[in-house]
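Dropping structure-v1.pdb in here (PDB, C-alpha atoms):
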```pdb
ATOM      1  CA  MET A 351     141.073 143.776 -67.919
ATOM      2  CA  PRO A 352     140.190 141.342 -65.153
ATOM      3  CA  PRO A 353     136.516 140.842 -64.449
ATOM      4  CA  SER A 354     135.113 142.867 -61.581
ATOM      5  CA  ILE A 355     134.252 141.057 -58.418
ATOM      6  CA  PRO A 356     130.626 141.341 -57.429
ATOM      7  CA  ALA A 357     129.974 143.271 -54.227
ATOM      8  CA  SER A 358     128.128 140.301 -52.800
ATOM      9  CA  ALA A 359     131.276 138.201 -53.120
ATOM     10  CA  THR A 360     133.514 140.533 -51.132
ATOM     11  CA  THR A 361     134.361 139.430 -47.637
ATOM     12  CA  ASP A 362     133.022 141.427 -44.752
ATOM     13  CA  ASP A 363     134.614 140.754 -41.382
ATOM     14  CA  SER A 364     131.601 142.156 -39.614
ATOM     15  CA  ALA A 365     129.418 139.501 -41.219
ATOM     16  CA  VAL A 366     131.391 136.641 -39.683
ATOM     17  CA  PRO A 367     129.134 135.099 -37.087
ATOM     18  CA  GLU A 368     130.515 135.261 -33.582
ATOM     19  CA  GLY A 369     130.492 132.285 -31.254
ATOM     20  CA  PRO A 370     128.119 132.115 -28.308
ATOM     21  CA  SER A 371     128.969 134.305 -25.340
ATOM     22  CA  LEU A 372     130.287 132.895 -22.078
ATOM     23  CA  ALA A 373     126.917 133.363 -20.395
ATOM     24  CA  ALA A 374     125.149 131.543 -23.237
ATOM     25  CA  ARG A 375     127.588 128.640 -23.070
ATOM     26  CA  LEU A 376     127.148 128.372 -19.310
ATOM     27  CA  LEU A 377     123.365 128.455 -19.580
ATOM     28  CA  SER A 378     123.420 125.788 -22.308
ATOM     29  CA  HIS A 379     125.507 123.393 -20.207
ATOM     30  CA  ARG A 380     123.214 120.944 -18.426
ATOM     31  CA  GLY A 381     125.704 120.207 -15.664
ATOM     32  CA  VAL A 382     126.066 123.901 -14.834
ATOM     33  CA  MET A 383     122.324 124.402 -14.747
ATOM     34  CA  VAL A 384     121.621 121.346 -12.576
ATOM     35  CA  GLY A 385     124.459 122.311 -10.243
ATOM     36  CA  LEU A 386     123.201 125.882 -10.009
ATOM     37  CA  VAL A 387     119.674 124.731  -9.214
ATOM     38  CA  LEU A 388     120.768 122.281  -6.505
ATOM     39  CA  PHE A 389     123.296 124.610  -4.917
ATOM     40  CA  GLY A 390     120.989 127.606  -5.328
ATOM     41  CA  LEU A 391     118.216 125.858  -3.398
ATOM     42  CA  ILE A 392     120.659 125.039  -0.593
ATOM     43  CA  VAL A 393     121.916 128.630  -0.453
ATOM     44  CA  LEU A 394     118.378 130.002  -0.521
ATOM     45  CA  ALA A 395     117.342 127.748   2.344
ATOM     46  CA  ALA A 396     120.413 128.768   4.360
ATOM     47  CA  LEU A 397     119.863 132.486   3.794
ATOM     48  CA  SER A 398     116.200 132.288   4.787
ATOM     49  CA  ALA A 399     116.712 129.842   7.667
ATOM     50  CA  ASP A 400     115.224 132.207  10.261
ATOM     51  CA  TRP A 401     111.994 132.506   8.287
ATOM     52  CA  ILE A 402     111.430 129.043   6.852
ATOM     53  CA  SER A 403     112.468 126.922   9.848
ATOM     54  CA  PRO A 404     109.269 125.460  11.312
ATOM     55  CA  HIS A 405     110.704 125.270  14.854
ATOM     56  CA  ASP A 406     113.498 126.646  17.003
ATOM     57  CA  PRO A 407     116.528 124.423  16.244
ATOM     58  CA  LEU A 408     117.815 124.753  19.842
ATOM     59  CA  ARG A 409     114.536 124.200  21.717
ATOM     60  CA  ASN A 410     114.317 120.931  23.645
ATOM     61  CA  ASN A 411     110.984 119.138  23.848
ATOM     62  CA  PHE A 412     111.261 115.784  25.581
ATOM     63  CA  ARG A 413     107.617 114.960  24.862
ATOM     64  CA  TYR A 414     108.634 114.369  21.231
ATOM     65  CA  ARG A 415     111.994 112.740  21.966
ATOM     66  CA  LEU A 416     113.132 110.478  19.068
ATOM     67  CA  GLY A 417     109.869 111.148  17.300
ATOM     68  CA  ALA A 418     109.404 109.732  13.810
ATOM     69  CA  PRO A 419     108.573 112.086  10.918
ATOM     70  CA  ASN A 420     104.991 113.361  11.295
ATOM     71  CA  ASP A 421     102.771 116.324  10.504
ATOM     72  CA  ILE A 422     104.405 118.487  13.188
ATOM     73  CA  HIS A 423     108.025 117.465  12.733
ATOM     74  CA  TRP A 424     108.390 116.608   9.052
ATOM     75  CA  LEU A 425     111.796 114.943   9.427
ATOM     76  CA  GLY A 426     111.380 113.748  13.009
ATOM     77  CA  THR A 427     113.167 114.776  16.191
ATOM     78  CA  ASP A 428     116.424 113.887  17.935
ATOM     79  CA  ARG A 429     117.147 112.610  21.448
ATOM     80  CA  PHE A 430     116.315 116.011  22.955
ATOM     81  CA  GLY A 431     113.128 116.464  20.968
ATOM     82  CA  ARG A 432     114.668 119.072  18.680
ATOM     83  CA  ASP A 433     113.245 119.384  15.173
ATOM     84  CA  ILE A 434     115.576 117.748  12.630
ATOM     85  CA  LEU A 435     114.402 119.847   9.675
ATOM     86  CA  SER A 436     115.055 123.110  11.499
ATOM     87  CA  ARG A 437     118.471 121.918  12.629
ATOM     88  CA  ILE A 438     119.398 120.847   9.084
ATOM     89  CA  ILE A 439     118.411 124.243   7.660
ATOM     90  CA  HIS A 440     120.456 126.117  10.245
ATOM     91  CA  GLY A 441     123.277 123.580  10.039
ATOM     92  CA  THR A 442     123.485 124.140   6.297
ATOM     93  CA  ARG A 443     124.009 127.837   6.982
ATOM     94  CA  VAL A 444     126.969 126.990   9.242
ATOM     95  CA  SER A 445     128.498 124.643   6.649
ATOM     96  CA  LEU A 446     128.143 127.166   3.829
ATOM     97  CA  ARG A 447     129.549 129.960   5.987
ATOM     98  CA  ILE A 448     132.660 127.940   6.810
ATOM     99  CA  GLY A 449     132.977 126.777   3.203
ATOM    100  CA  LEU A 450     132.787 130.371   1.943
ATOM    101  CA  MET A 451     135.472 131.511   4.385
ATOM    102  CA  VAL A 452     137.732 128.666   3.284
ATOM    103  CA  VAL A 453     137.191 129.379  -0.424
ATOM    104  CA  LEU A 454     137.944 133.084  -0.038
ATOM    105  CA  ALA A 455     141.028 132.481   2.104
ATOM    106  CA  THR A 456     142.456 129.679  -0.031
ATOM    107  CA  GLY A 457     141.712 131.585  -3.226
ATOM    108  CA  ILE A 458     143.536 134.717  -2.062
ATOM    109  CA  LEU A 459     146.448 132.927  -0.407
ATOM    110  CA  GLY A 460     146.764 130.376  -3.199
ATOM    111  CA  ALA A 461     146.797 133.116  -5.849
ATOM    112  CA  LEU A 462     149.450 135.144  -4.023
ATOM    113  CA  ILE A 463     151.676 132.164  -3.204
ATOM    114  CA  GLY A 464     151.294 130.548  -6.612
ATOM    115  CA  ALA A 465     151.910 133.819  -8.465
ATOM    116  CA  ALA A 466     155.026 134.584  -6.425
ATOM    117  CA  ALA A 467     156.414 131.067  -6.883
ATOM    118  CA  GLY A 468     155.639 130.951 -10.585
ATOM    119  CA  TYR A 469     156.927 134.404 -11.473
ATOM    120  CA  PHE A 470     160.008 134.770  -9.268
ATOM    121  CA  ARG A 471     162.321 131.869 -10.052
ATOM    122  CA  ARG A 472     164.291 132.200  -6.822
ATOM    123  CA  LEU A 473     161.131 131.757  -4.742
ATOM    124  CA  ASP A 474     159.843 128.806  -6.705
ATOM    125  CA  GLY A 475     161.987 126.143  -5.058
ATOM    126  CA  PRO A 476     161.679 127.019  -1.354
ATOM    127  CA  VAL A 477     158.014 128.100  -1.504
ATOM    128  CA  MET A 478     156.827 125.037  -3.370
ATOM    129  CA  ARG A 479     158.815 122.714  -1.122
ATOM    130  CA  VAL A 480     156.816 124.105   1.801
ATOM    131  CA  MET A 481     153.610 123.514  -0.141
ATOM    132  CA  ASP A 482     154.739 119.978  -0.979
ATOM    133  CA  GLY A 483     155.449 119.367   2.694
ATOM    134  CA  LEU A 484     151.904 120.396   3.620
ATOM    135  CA  MET A 485     150.472 118.256   0.823
ATOM    136  CA  ALA A 486     152.408 115.256   2.140
ATOM    137  CA  PHE A 487     149.762 115.045   4.866
ATOM    138  CA  PRO A 488     146.234 113.990   3.878
ATOM    139  CA  GLY A 489     144.165 117.161   3.901
ATOM    140  CA  ILE A 490     141.520 115.940   6.305
ATOM    141  CA  LEU A 491     144.085 114.614   8.807
ATOM    142  CA  LEU A 492     145.970 117.909   8.745
ATOM    143  CA  ALA A 493     142.722 119.804   9.249
ATOM    144  CA  ILE A 494     141.689 117.562  12.162
ATOM    145  CA  SER A 495     145.073 118.031  13.833
ATOM    146  CA  LEU A 496     144.994 121.808  13.484
ATOM    147  CA  ALA A 497     141.358 122.104  14.560
ATOM    148  CA  ALA A 498     142.011 119.961  17.628
ATOM    149  CA  ALA A 499     145.021 122.105  18.544
ATOM    150  CA  LEU A 500     143.180 125.395  18.028
ATOM    151  CA  GLY A 501     139.943 124.322  19.730
ATOM    152  CA  PRO A 502     136.374 123.860  18.511
ATOM    153  CA  SER A 503     134.910 126.940  16.803
ATOM    154  CA  GLU A 504     133.775 128.029  13.374
ATOM    155  CA  MET A 505     136.782 130.282  12.827
ATOM    156  CA  ASN A 506     139.282 127.648  13.922
ATOM    157  CA  ALA A 507     137.673 125.089  11.628
ATOM    158  CA  ALA A 508     137.950 127.550   8.730
ATOM    159  CA  ILE A 509     141.620 128.241   9.568
ATOM    160  CA  ALA A 510     142.429 124.534   9.729
ATOM    161  CA  LEU A 511     140.764 123.843   6.379
ATOM    162  CA  THR A 512     142.453 126.860   4.800
ATOM    163  CA  VAL A 513     145.893 125.582   5.800
ATOM    164  CA  ALA A 514     145.009 122.117   4.496
ATOM    165  CA  TYR A 515     143.714 123.239   1.074
ATOM    166  CA  THR A 516     145.803 126.318   0.218
ATOM    167  CA  PRO A 517     148.691 124.219  -1.231
ATOM    168  CA  ARG A 518     146.329 122.809  -3.875
ATOM    169  CA  THR A 519     145.277 126.233  -5.125
ATOM    170  CA  ALA A 520     148.856 127.506  -4.970
ATOM    171  CA  ARG A 521     150.100 124.727  -7.234
ATOM    172  CA  ILE A 522     147.324 125.341  -9.754
ATOM    173  CA  VAL A 523     148.008 129.076  -9.945
ATOM    174  CA  ARG A 524     151.765 128.467 -10.157
ATOM    175  CA  ALA A 525     151.292 126.137 -13.127
ATOM    176  CA  SER A 526     149.254 128.781 -14.971
ATOM    177  CA  VAL A 527     151.733 131.553 -14.167
ATOM    178  CA  LEU A 528     154.646 129.462 -15.462
ATOM    179  CA  VAL A 529     152.908 129.349 -18.857
ATOM    180  CA  VAL A 530     151.635 132.930 -18.998
ATOM    181  CA  ARG A 531     154.917 134.577 -17.975
ATOM    182  CA  GLU A 532     156.594 133.292 -21.175
ATOM    183  CA  LEU A 533     153.972 134.707 -23.557
ATOM    184  CA  ASP A 534     154.785 137.520 -25.962
ATOM    185  CA  TYR A 535     152.659 140.240 -24.374
ATOM    186  CA  VAL A 536     154.363 139.686 -21.023
ATOM    187  CA  GLU A 537     157.764 139.933 -22.694
ATOM    188  CA  ALA A 538     156.605 143.114 -24.417
ATOM    189  CA  ALA A 539     155.481 144.640 -21.132
ATOM    190  CA  ARG A 540     158.814 143.729 -19.573
ATOM    191  CA  ALA A 541     160.693 145.275 -22.516
ATOM    192  CA  LEU A 542     158.714 148.504 -22.114
ATOM    193  CA  GLY A 543     159.963 148.783 -18.548
ATOM    194  CA  ALA A 544     156.908 147.633 -16.592
ATOM    195  CA  GLY A 545     157.697 146.633 -13.017
ATOM    196  CA  HIS A 546     157.122 143.200 -11.546
ATOM    197  CA  GLY A 547     154.055 144.315  -9.624
ATOM    198  CA  ARG A 548     152.415 145.836 -12.691
ATOM    199  CA  ILE A 549     153.187 142.796 -14.825
ATOM    200  CA  LEU A 550     151.715 140.464 -12.210
ATOM    201  CA  ALA A 551     148.633 142.573 -11.547
ATOM    202  CA  ARG A 552     147.836 143.653 -15.120
ATOM    203  CA  HIS A 553     149.053 140.830 -17.323
ATOM    204  CA  ILE A 554     149.732 137.565 -15.501
ATOM    205  CA  LEU A 555     147.192 137.120 -12.691
ATOM    206  CA  PRO A 556     144.073 138.078 -14.734
ATOM    207  CA  ASN A 557     145.054 135.452 -17.327
ATOM    208  CA  SER A 558     145.952 132.770 -14.811
ATOM    209  CA  LEU A 559     142.880 132.643 -12.589
ATOM    210  CA  THR A 560     140.490 130.606 -14.748
ATOM    211  CA  PRO A 561     141.710 127.257 -13.323
ATOM    212  CA  LEU A 562     141.471 128.760  -9.833
ATOM    213  CA  VAL A 563     137.790 129.623 -10.341
ATOM    214  CA  VAL A 564     137.066 125.999 -11.211
ATOM    215  CA  GLN A 565     139.198 124.734  -8.340
ATOM    216  CA  CYS A 566     137.336 126.937  -5.856
ATOM    217  CA  THR A 567     134.094 125.064  -6.509
ATOM    218  CA  TYR A 568     135.811 121.793  -5.616
ATOM    219  CA  ILE A 569     137.413 123.392  -2.545
ATOM    220  CA  PHE A 570     133.944 124.537  -1.476
ATOM    221  CA  ALA A 571     132.611 120.990  -1.784
ATOM    222  CA  LEU A 572     135.619 119.560   0.064
ATOM    223  CA  SER A 573     135.177 122.160   2.806
ATOM    224  CA  VAL A 574     131.532 121.223   3.344
ATOM    225  CA  LEU A 575     132.499 117.558   3.630
ATOM    226  CA  ALA A 576     135.507 118.281   5.845
ATOM    227  CA  GLU A 577     133.492 120.559   8.129
ATOM    228  CA  ALA A 578     130.996 117.751   8.610
ATOM    229  CA  VAL A 579     133.866 115.431   9.548
ATOM    230  CA  LEU A 580     135.280 117.961  12.027
ATOM    231  CA  SER A 581     131.873 118.456  13.606
ATOM    232  CA  PHE A 582     131.237 114.719  13.701
ATOM    233  CA  ILE A 583     134.344 114.087  15.821
ATOM    234  CA  GLY A 584     133.783 117.152  17.999
ATOM    235  CA  VAL A 585     136.390 119.648  16.754
ATOM    236  CA  GLY A 586     134.056 121.763  14.634
ATOM    237  CA  PRO A 587     131.567 124.396  15.806
ATOM    238  CA  PRO A 588     130.773 123.625  19.466
ATOM    239  CA  PRO A 589     127.293 122.697  20.769
ATOM    240  CA  PRO A 590     124.581 123.857  20.778
ATOM    241  CA  THR A 591     125.385 125.296  17.335
ATOM    242  CA  PRO A 592     123.594 123.080  14.800
ATOM    243  CA  SER A 593     125.989 121.593  12.256
ATOM    244  CA  LEU A 594     125.322 118.852   9.743
ATOM    245  CA  GLY A 595     128.199 116.761  11.075
ATOM    246  CA  SER A 596     127.144 117.137  14.696
ATOM    247  CA  ILE A 597     123.544 116.225  13.815
ATOM    248  CA  ILE A 598     124.798 113.006  12.217
ATOM    249  CA  ALA A 599     126.940 112.367  15.296
ATOM    250  CA  ASP A 600     123.909 112.820  17.574
ATOM    251  CA  GLY A 601     122.103 110.052  15.728
ATOM    252  CA  ARG A 602     124.856 107.437  15.603
ATOM    253  CA  ASP A 603     123.762 105.860  18.904
ATOM    254  CA  TYR A 604     120.159 105.658  17.659
ATOM    255  CA  ILE A 605     120.809 104.546  14.093
ATOM    256  CA  LEU A 606     118.519 101.509  14.402
ATOM    257  CA  GLU A 607     115.605 103.015  16.298
ATOM    258  CA  ALA A 608     115.762 106.538  14.825
ATOM    259  CA  PRO A 609     117.670 106.424  11.523
ATOM    260  CA  TRP A 610     116.158 109.730  10.359
ATOM    261  CA  ILE A 611     118.442 111.678  12.704
ATOM    262  CA  SER A 612     121.534 110.809  10.672
ATOM    263  CA  LEU A 613     119.905 110.067   7.311
ATOM    264  CA  TYR A 614     118.489 113.470   6.412
ATOM    265  CA  PRO A 615     121.536 115.621   7.239
ATOM    266  CA  GLY A 616     123.603 113.154   5.216
ATOM    267  CA  ILE A 617     121.281 113.706   2.263
ATOM    268  CA  ALA A 618     121.661 117.482   2.687
ATOM    269  CA  ILE A 619     125.452 117.139   2.540
ATOM    270  CA  ALA A 620     125.203 114.907  -0.544
ATOM    271  CA  ILE A 621     122.964 117.396  -2.388
ATOM    272  CA  THR A 622     125.276 120.309  -1.562
ATOM    273  CA  VAL A 623     128.402 118.475  -2.694
ATOM    274  CA  LEU A 624     126.702 117.122  -5.826
ATOM    275  CA  GLY A 625     125.572 120.596  -6.852
ATOM    276  CA  LEU A 626     129.051 122.046  -6.354
ATOM    277  CA  ASN A 627     130.740 119.201  -8.236
ATOM    278  CA  LEU A 628     128.359 119.511 -11.183
ATOM    279  CA  LEU A 629     128.937 123.253 -11.223
ATOM    280  CA  GLY A 630     132.701 122.768 -11.118
ATOM    281  CA  ASP A 631     132.677 120.199 -13.915
ATOM    282  CA  GLY A 632     130.547 122.482 -16.056
ATOM    283  CA  LEU A 633     132.791 125.498 -15.462
ATOM    284  CA  ARG A 634     135.819 123.392 -16.403
ATOM    285  CA  ASP A 635     134.156 122.277 -19.644
ATOM    286  CA  VAL A 636     133.196 125.829 -20.617
ATOM    287  CA  LEU A 637     136.244 127.790 -19.432
ATOM    288  CA  ASP A 638     139.033 125.370 -20.335
ATOM    289  CA  PRO A 639     139.776 125.663 -24.080
ATOM    290  CA  ARG A 640     141.460 122.256 -24.010
ATOM    291  CA  MET A 641     138.159 120.542 -23.144
ATOM    292  CA  LYS A 642     136.663 119.687 -26.524
ATOM    293  CA  VAL A 643     133.316 118.380 -25.375
ATOM    294  CA  ASP A 644     129.736 118.807 -26.433
ATOM    295  CA  ILE A 645     128.178 121.046 -23.781
ATOM    296  CA  ARG A 646     124.633 120.721 -25.055
TER     297      ARG A 646
END
```

Write the structure described by the file as structure tokens, please.
Amino acid sequence: MPPSIPASATTDDSAVPEGPSLAARLLSHRGVMVGLVLFGLIVLAALSADWISPHDPLRNNFRYRLGAPNDIHWLGTDRFGRDILSRIIHGTRVSLRIGLMVVLATGILGALIGAAAGYFRRLDGPVMRVMDGLMAFPGILLAISLAAALGPSEMNAAIALTVAYTPRTARIVRASVLVVRELDYVEAARALGAGHGRILARHILPNSLTPLVVQCTYIFALSVLAEAVLSFIGVGPPPPTPSLGSIIADGRDYILEAPWISLYPGIAIAITVLGLNLLGDGLRDVLDPRMKVDIR
């Protein structure tokens, strides 16, 4: 008779320790946390711009024209005596608003185009050749051309940037769909008679969007930078709307005598982009199973 196995030696699946949850892994990633703090402060300032701005960003005061930073105007004034700090706070709101519109539009369009091209083989060739044609142009040059043709406004800037950056998201989603559509559970759903729409909506898209989430953070950062470029050359939001790019442009003729006009909005752009890039890198490390890195 074989010896009995002690109860303590039996395996219990419920006793197997589970790995940390997604939220715990995100919170333990230093890059994610630093990015969240930086970007969160920018978003908070933009949302509360009407309450925390010390002055009216559009009010001219020629008595303080080109004034250096002081107790009244903490970051100085521009050539019209307008408070730089107030204009940066409100300009950040404009940049984030345009960036959010671009991210939502490119995410939706990129997911639809990429899913259609990746799932339907007959659409793959012609659709992706159109995307390749758009990507043949540098994104910022294509956006400048479209914004100049459409005219200066927030909506037109968002449309131009959406057209410029949608091909990137479409290619990323297509690559994921090409892999997911060959997996066993998709084949099983197809064998059970599920239609193309159900397979795409229930099985393929939900399992193909992780790279898109990471890409959207980079698109947001690119949109903030590109919006500043559009505003700098005069095809972004029209005056007197405060925009970070237009503030920098206002100070280019006074860069030696009043460098604070262009310096501080440039720092605001750098902090915003840095926060988004750190957040994107952290999301990639945590969400991509191929990234075998120490996230502590």

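Excluding stretch 555-558 of chain A itself and same-chain residues fewer than 6 positions from it, the residues having an atom within 8 Å of it are A:Ala461, A:Ala465, A:Val523, A:Ser526, A:Val527, A:Val530, counting only C-alpha atoms.
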
What would the selection look like, as a PyMOL selection string, if the PyMOL selection byres ((chain A and resi 564) around 10) were run on the coordinates I just shared? chain A and resi 559-563+565-569+627+629-635+637-638

Find the residues around A:Val623 up to 12 Å (all atoms listed in the file counted), leave out those fewer than 4 positions away in its own chain, and share them as an MDAnalysis selection string. chainID A and resid 385:386 388:389 392 442 445:446 449 567:576 578 616:619 627:630

List the spatial neighbours of A:Leu528 as JSON, numbers by chain - criterion: any atom at most 12 Å away, all atoms listed in the file, same-chain residues fewer than 4 positions off excluded. {"A": [464, 465, 466, 467, 468, 469, 470, 471, 474, 521, 522, 523, 524, 532, 533, 536, 550, 554, 555, 557, 558]}

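If you measure from each of A:Gly547, A:Pro592, A:Pro476, A:Pro587 to A:Ser436 using all atoms listed in the file, the closest one turns out to be A:Pro592.
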
Expected selection from the PyMOL selection byres ((chain A and resi 599) around 9), given as a list in words: Ser581, Phe582, Ile583, Gly584, Leu594, Gly595, Ser596, Ile597, Ile598, Asp600, Gly601, Arg602, Asp603, Ile611 and Ser612 of chain A

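The space between atom CA of A:Pro370 and atom CA of A:Val382 spans 15.9 Å.
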
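Counting from atom CA of A:Pro615, the distance to atom CA of A:Asp421 is 19.1 Å.
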
Interatomic distance between atom CA of A:Asp400 and atom CA of A:Thr427? 18.5 Å

Run the PyMOL selection byres ((chain A and resi 408) around 12) against the file shown and list the residues it catches, as a PyMOL selection string. chain A and resi 403+405-407+409-411+427-428+430-438+440-441+589-593+597

Mind dumping the selected residues with C-alpha atoms as a short mmCIF file (atom, residue, chain, number, x, y, z; two decimals), in the frame of the given file?
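Saved to part_14.cif:
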```
data_model
loop_
_atom_site.label_atom_id
_atom_site.label_comp_id
_atom_site.auth_asym_id
_atom_site.auth_seq_id
_atom_site.Cartn_x
_atom_site.Cartn_y
_atom_site.Cartn_z
CA SER A 403 112.47 126.92 9.85
CA HIS A 405 110.70 125.27 14.85
CA ASP A 406 113.50 126.65 17.00
CA PRO A 407 116.53 124.42 16.24
CA ARG A 409 114.54 124.20 21.72
CA ASN A 410 114.32 120.93 23.64
CA ASN A 411 110.98 119.14 23.85
CA THR A 427 113.17 114.78 16.19
CA ASP A 428 116.42 113.89 17.93
CA PHE A 430 116.32 116.01 22.96
CA GLY A 431 113.13 116.46 20.97
CA ARG A 432 114.67 119.07 18.68
CA ASP A 433 113.24 119.38 15.17
CA ILE A 434 115.58 117.75 12.63
CA LEU A 435 114.40 119.85 9.68
CA SER A 436 115.06 123.11 11.50
CA ARG A 437 118.47 121.92 12.63
CA ILE A 438 119.40 120.85 9.08
CA HIS A 440 120.46 126.12 10.24
CA GLY A 441 123.28 123.58 10.04
CA PRO A 589 127.29 122.70 20.77
CA PRO A 590 124.58 123.86 20.78
CA THR A 591 125.38 125.30 17.34
CA PRO A 592 123.59 123.08 14.80
CA SER A 593 125.99 121.59 12.26
CA ILE A 597 123.54 116.22 13.82
#
```

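Take the candidates A:Ile509, A:Met451, A:Ile463, A:Ala498 and check each one against A:Val480 using all atoms listed in the file; the shortest distance goes to A:Ile463.
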
Pick out the residues sitting within 6 Å of A:Ala493, and hand them over as a VMD selection string; count only C-alpha atoms, and ignore anything fewer than 3 positions along from it in its own chain. chain A and resid 490 496 to 497 510 to 511 514

Could you rebuild stretch 381-387 of chain A with all heavy atoms and give it back as a PDB file, in the frame of the given file?
```pdb
ATOM      1  N   GLY A 381     125.085 120.392 -16.971  1.00  0.00           N
ATOM      2  CA  GLY A 381     125.704 120.207 -15.664  1.00  0.00           C
ATOM      3  C   GLY A 381     125.726 121.491 -14.860  1.00  0.00           C
ATOM      4  O   GLY A 381     125.464 121.486 -13.654  1.00  0.00           O
ATOM      5  N   VAL A 382     126.059 122.609 -15.525  1.00  0.00           N
ATOM      6  CA  VAL A 382     126.066 123.901 -14.834  1.00  0.00           C
ATOM      7  C   VAL A 382     124.683 124.240 -14.318  1.00  0.00           C
ATOM      8  O   VAL A 382     124.516 124.694 -13.173  1.00  0.00           O
ATOM      9  CB  VAL A 382     126.593 125.003 -15.778  1.00  0.00           C
ATOM     10  CG1 VAL A 382     126.413 126.379 -15.151  1.00  0.00           C
ATOM     11  CG2 VAL A 382     128.061 124.764 -16.100  1.00  0.00           C
ATOM     12  N   MET A 383     123.672 124.028 -15.149  1.00  0.00           N
ATOM     13  CA  MET A 383     122.324 124.402 -14.747  1.00  0.00           C
ATOM     14  C   MET A 383     121.820 123.540 -13.598  1.00  0.00           C
ATOM     15  O   MET A 383     121.224 124.042 -12.636  1.00  0.00           O
ATOM     16  CB  MET A 383     121.374 124.301 -15.947  1.00  0.00           C
ATOM     17  CG  MET A 383     121.688 125.291 -17.058  1.00  0.00           C
ATOM     18  SD  MET A 383     121.833 126.988 -16.461  1.00  0.00           S
ATOM     19  CE  MET A 383     120.192 127.243 -15.780  1.00  0.00           C
ATOM     20  N   VAL A 384     122.054 122.222 -13.674  1.00  0.00           N
ATOM     21  CA  VAL A 384     121.621 121.346 -12.576  1.00  0.00           C
ATOM     22  C   VAL A 384     122.372 121.692 -11.299  1.00  0.00           C
ATOM     23  O   VAL A 384     121.792 121.763 -10.208  1.00  0.00           O
ATOM     24  CB  VAL A 384     121.845 119.872 -12.954  1.00  0.00           C
ATOM     25  CG1 VAL A 384     121.551 118.962 -11.771  1.00  0.00           C
ATOM     26  CG2 VAL A 384     120.966 119.486 -14.137  1.00  0.00           C
ATOM     27  N   GLY A 385     123.680 121.930 -11.411  1.00  0.00           N
ATOM     28  CA  GLY A 385     124.459 122.311 -10.243  1.00  0.00           C
ATOM     29  C   GLY A 385     123.988 123.621  -9.643  1.00  0.00           C
ATOM     30  O   GLY A 385     123.896 123.760  -8.419  1.00  0.00           O
ATOM     31  N   LEU A 386     123.691 124.596 -10.505  1.00  0.00           N
ATOM     32  CA  LEU A 386     123.201 125.882 -10.009  1.00  0.00           C
ATOM     33  C   LEU A 386     121.869 125.741  -9.289  1.00  0.00           C
ATOM     34  O   LEU A 386     121.640 126.369  -8.251  1.00  0.00           O
ATOM     35  CB  LEU A 386     123.071 126.870 -11.163  1.00  0.00           C
ATOM     36  CG  LEU A 386     124.345 127.585 -11.618  1.00  0.00           C
ATOM     37  CD1 LEU A 386     124.050 128.458 -12.829  1.00  0.00           C
ATOM     38  CD2 LEU A 386     124.925 128.416 -10.491  1.00  0.00           C
ATOM     39  N   VAL A 387     120.988 124.911  -9.840  1.00  0.00           N
ATOM     40  CA  VAL A 387     119.674 124.731  -9.214  1.00  0.00           C
ATOM     41  C   VAL A 387     119.824 124.065  -7.843  1.00  0.00           C
ATOM     42  O   VAL A 387     119.267 124.541  -6.844  1.00  0.00           O
ATOM     43  CB  VAL A 387     118.752 123.901 -10.129  1.00  0.00           C
ATOM     44  CG1 VAL A 387     117.491 123.497  -9.384  1.00  0.00           C
ATOM     45  CG2 VAL A 387     118.402 124.695 -11.379  1.00  0.00           C
TER      46      VAL A 387
END
```
